[in-house]
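Next up, input_20.tsv (TSV, C-alpha atoms):
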chain	number	residue	atom	x	y	z
R	1223	MET	CA	0.00	0.00	0.00
R	1224	GLU	CA	1.23	3.45	-0.88
R	1225	TYR	CA	0.51	6.49	1.30
R	1226	VAL	CA	-0.04	9.73	-0.61
R	1227	LYS	CA	0.11	13.22	0.93
R	1228	ALA	CA	-3.34	14.81	0.88
R	1229	ILE	CA	-3.24	18.01	2.97
R	1230	LYS	CA	-1.60	19.64	5.95
R	1231	VAL	CA	-3.08	18.72	9.33
R	1232	SER	CA	-3.74	22.42	9.96
R	1233	ASP	CA	-5.91	22.64	6.80
R	1234	LEU	CA	-8.75	20.60	8.32
R	1235	LYS	CA	-10.15	21.64	11.70
R	1236	ASN	CA	-12.20	19.44	14.01
R	1237	GLY	CA	-15.70	18.85	12.58
R	1238	GLN	CA	-14.71	19.78	9.02
R	1239	LYS	CA	-14.50	17.76	5.80
R	1240	ILE	CA	-12.74	18.23	2.47
R	1241	LYS	CA	-12.75	16.40	-0.85
R	1242	VAL	CA	-9.33	15.53	-2.24
R	1243	ALA	CA	-8.32	13.89	-5.52
R	1244	ILE	CA	-5.66	11.22	-5.16
R	1245	GLU	CA	-4.52	9.02	-8.02
R	1246	GLY	CA	-7.77	9.51	-9.93
R	1247	ARG	CA	-10.02	8.93	-6.92
R	1248	ASP	CA	-12.19	11.50	-5.17
R	1249	ILE	CA	-11.82	10.90	-1.44
R	1250	LEU	CA	-13.65	12.54	1.44
R	1251	LEU	CA	-11.31	13.42	4.30
R	1252	ILE	CA	-13.00	14.16	7.64
R	1253	ASN	CA	-11.73	15.39	11.01
R	1254	VAL	CA	-13.78	13.96	13.90
R	1255	ASP	CA	-12.54	14.71	17.42
R	1256	ASN	CA	-9.14	15.62	15.94
R	1257	LYS	CA	-8.79	12.19	14.30
R	1258	PHE	CA	-8.74	11.93	10.52
R	1259	TYR	CA	-10.80	9.48	8.45
R	1260	ALA	CA	-11.07	8.90	4.69
R	1261	THR	CA	-13.89	7.35	2.65
R	1262	ASP	CA	-15.23	7.49	-0.89
R	1263	SER	CA	-16.64	10.94	-1.59
R	1264	LYS	CA	-19.83	9.76	-3.30
R	1265	CYS	CA	-22.85	7.95	-1.92
R	1266	THR	CA	-23.17	4.38	-3.17
R	1267	HIS	CA	-26.84	4.86	-4.03
R	1268	MET	CA	-26.86	7.54	-6.74
R	1269	GLY	CA	-23.50	9.24	-6.37
R	1270	GLY	CA	-24.57	12.07	-4.09
R	1271	GLU	CA	-21.58	14.26	-3.20
R	1272	LEU	CA	-20.97	13.60	0.48
R	1273	ILE	CA	-18.92	16.80	0.79
R	1274	GLU	CA	-22.34	18.51	0.60
R	1275	GLY	CA	-23.81	16.25	3.30
R	1276	ARG	CA	-24.28	17.01	6.99
R	1277	LEU	CA	-21.66	15.74	9.38
R	1278	GLU	CA	-23.34	14.54	12.60
R	1279	GLY	CA	-20.60	13.40	14.97
R	1280	SER	CA	-18.94	10.53	13.13
R	1281	HIS	CA	-21.83	10.09	10.67
R	1282	ILE	CA	-22.28	11.75	7.29
R	1283	VAL	CA	-25.74	12.15	5.76
R	1284	CYS	CA	-26.08	11.99	1.97
R	1285	PRO	CA	-27.64	15.22	0.68
R	1286	LYS	CA	-29.69	13.43	-2.00
R	1287	HIS	CA	-31.73	10.80	-0.15
R	1288	GLY	CA	-30.45	10.80	3.42
R	1289	SER	CA	-28.45	7.58	3.62
R	1290	ILE	CA	-26.21	7.71	6.70
R	1291	PHE	CA	-22.63	6.40	6.78
R	1292	ASP	CA	-20.09	6.04	9.58
R	1293	VAL	CA	-17.02	8.00	8.45
R	1294	LYS	CA	-14.75	5.97	10.74
R	1295	THR	CA	-15.50	2.69	8.95
R	1296	GLY	CA	-17.44	3.56	5.78
R	1297	LYS	CA	-20.28	1.32	6.98
R	1298	LEU	CA	-23.85	2.14	6.01
R	1299	ILE	CA	-25.76	3.01	9.19
R	1300	GLU	CA	-29.17	3.72	7.69
R	1301	GLN	CA	-30.66	3.48	4.19
R	1302	GLY	CA	-31.98	6.75	2.79
R	1303	LYS	CA	-35.47	7.30	1.40
R	1304	MET	CA	-36.90	8.48	-1.89
R	1305	PHE	CA	-40.64	9.19	-1.85
R	1306	LYS	CA	-40.92	7.30	1.49
R	1307	ILE	CA	-39.33	4.19	-0.03
R	1308	ARG	CA	-35.97	2.97	1.28
R	1309	VAL	CA	-33.16	3.23	-1.26
R	1310	LYS	CA	-30.42	0.65	-1.77
R	1311	ALA	CA	-26.97	1.84	-0.72
R	1312	ASP	CA	-23.83	-0.13	0.13
R	1313	ASP	CA	-20.93	0.59	2.45
R	1314	LEU	CA	-18.35	3.18	1.36
R	1315	ASN	CA	-14.74	2.24	0.79
R	1316	SER	CA	-12.65	3.39	3.72
R	1317	TYR	CA	-8.96	4.32	3.44
R	1318	PRO	CA	-6.26	4.27	6.13
R	1319	VAL	CA	-4.96	7.65	7.23
R	1320	MET	CA	-1.51	8.44	8.62
R	1321	LEU	CA	-0.24	11.71	10.12
R	1322	ARG	CA	3.44	12.55	9.71
R	1323	ASP	CA	5.40	15.77	10.13
R	1324	GLY	CA	2.25	17.91	10.10
R	1325	ASP	CA	0.83	16.30	6.96
R	1326	VAL	CA	-2.11	13.93	6.35
R	1327	PHE	CA	-1.42	10.89	4.16
R	1328	ILE	CA	-4.05	8.54	2.74
R	1329	GLY	CA	-3.31	4.89	1.95
R	1330	ILE	CA	-4.23	3.85	-1.56
Translate the structure of the given file into structure tokens.
Amino acid sequence: MEYVKAIKVSDLKNGQKIKVAIEGRDILLINVDNKFYATDSKCTHMGGELIEGRLEGSHIVCPKHGSIFDVKTGKLIEQGKMFKIRVKADDLNSYPVMLRDGDVFIGI
């Protein structure tokens, strides 16, 4: 596994998120309680941009249909709804994160 520099630690404050492009992948990088986590940046249902979603503790809510994912693991917590019908979403890919010398690296 290769670790690629994404941002400086100081660029992402607690409770914030940022989308970064690494080796052709869009990855969502999130700071929760001053720990960094990385997942796919798009919802697995219809590709909703999770950067636009609400961060609720360690959960991110898809802005399109409300599916909820745990940013620490990428696991789907709750299926979203469209017209009161549950939508099908899968877990997000999760990527290891390493901090070194004031920088954030993501394992690809």
Work out how far apart CA of His1287 (chain R) and CA of Ala1228 (chain R) are and give it in Å to one decimal. 28.7 Å
From the options R:Glu1224, R:Ile1290, R:Lys1230, R:Arg1247, which residue's atoms come nearest to Arg1322 (chain R), counting all atoms listed in the file? R:Lys1230
Which is closest to Gly1324 (chain R) among R:Ser1232, R:Gln1301, R:Met1223, R:Val1254, if we use only C-alpha atoms?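 Among R:Ser1232, R:Gln1301, R:Met1223, R:Val1254, it is R:Ser1232 that comes nearest to Gly1324 (chain R).
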Nearest to Ile1252 (chain R) among R:Val1231, R:Cys1265, R:Leu1298, R:Val1309, with distances taken over only C-alpha atoms: which residue is it? R:Val1231
Taking (-24.8, 6.1, 8.9) in the file's own coordinates, collect the residues within 12 Å, counting only C-alpha atoms, and hand them back as JSON, numbers by chain. {"R": [1265, 1272, 1275, 1276, 1277, 1278, 1279, 1280, 1281, 1282, 1283, 1284, 1288, 1289, 1290, 1291, 1292, 1293, 1294, 1295, 1296, 1297, 1298, 1299, 1300, 1301, 1302, 1311, 1312, 1313, 1314]}
Just the selected residues (C-alpha atoms), exported as a JSON list (two decimals), keeping the file's coordinate frame, please.
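Output file selection_35.json follows:
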[["chain", "number", "residue", "atom", "x", "y", "z"],
["R", 1265, "CYS", "CA", -22.85, 7.95, -1.92],
["R", 1272, "LEU", "CA", -20.97, 13.60, 0.48],
["R", 1275, "GLY", "CA", -23.81, 16.25, 3.30],
["R", 1276, "ARG", "CA", -24.28, 17.01, 6.99],
["R", 1277, "LEU", "CA", -21.66, 15.74, 9.38],
["R", 1278, "GLU", "CA", -23.34, 14.54, 12.60],
["R", 1279, "GLY", "CA", -20.60, 13.40, 14.97],
["R", 1280, "SER", "CA", -18.94, 10.53, 13.13],
["R", 1281, "HIS", "CA", -21.83, 10.09, 10.67],
["R", 1282, "ILE", "CA", -22.28, 11.75, 7.29],
["R", 1283, "VAL", "CA", -25.74, 12.15, 5.76],
["R", 1284, "CYS", "CA", -26.08, 11.99, 1.97],
["R", 1288, "GLY", "CA", -30.45, 10.80, 3.42],
["R", 1289, "SER", "CA", -28.45, 7.58, 3.62],
["R", 1290, "ILE", "CA", -26.21, 7.71, 6.70],
["R", 1291, "PHE", "CA", -22.63, 6.40, 6.78],
["R", 1292, "ASP", "CA", -20.09, 6.04, 9.58],
["R", 1293, "VAL", "CA", -17.02, 8.00, 8.45],
["R", 1294, "LYS", "CA", -14.75, 5.97, 10.74],
["R", 1295, "THR", "CA", -15.50, 2.69, 8.95],
["R", 1296, "GLY", "CA", -17.44, 3.56, 5.78],
["R", 1297, "LYS", "CA", -20.28, 1.32, 6.98],
["R", 1298, "LEU", "CA", -23.85, 2.14, 6.01],
["R", 1299, "ILE", "CA", -25.76, 3.01, 9.19],
["R", 1300, "GLU", "CA", -29.17, 3.72, 7.69],
["R", 1301, "GLN", "CA", -30.66, 3.48, 4.19],
["R", 1302, "GLY", "CA", -31.98, 6.75, 2.79],
["R", 1311, "ALA", "CA", -26.97, 1.84, -0.72],
["R", 1312, "ASP", "CA", -23.83, -0.13, 0.13],
["R", 1313, "ASP", "CA", -20.93, 0.59, 2.45],
["R", 1314, "LEU", "CA", -18.35, 3.18, 1.36]]
Shortest interatomic distance to Gly1269 (chain R) - which of R:Phe1305, R:Ile1229, R:Lys1286, R:Asn1315, counting only C-alpha atoms: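 Comparing R:Phe1305, R:Ile1229, R:Lys1286, R:Asn1315 against Gly1269 (chain R), the winner is R:Lys1286.
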For Phe1327 (chain R), please output as a list in words all residues within 9 Å (counting only C-alpha atoms; exclusion window: fewer than 6 positions along the same chain). Tyr1225, Val1226, Lys1227, Ala1228, Ile1229, Lys1230, Pro1318, Val1319, Met1320 and Leu1321 of chain R
Using all atoms listed in the file: which of R:Lys1303, R:Lys1264, R:Lys1235, R:Arg1308 has the shortest distance to Ile1249 (chain R):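 Among R:Lys1303, R:Lys1264, R:Lys1235, R:Arg1308, it is R:Lys1264 that comes nearest to Ile1249 (chain R).
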Distance CA of Glu1271 (chain R)-CA of Asp1255 (chain R), one decimal place?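 Between these atoms lies a distance of 22.5 Å.
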Using CA of Gln1238 (chain R) and CA of Asn1253 (chain R) as the two end points, give the distance in Å to one decimal.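 Computed distance, CA of Gln1238 (chain R) to CA of Asn1253 (chain R), equals 5.7 Å.
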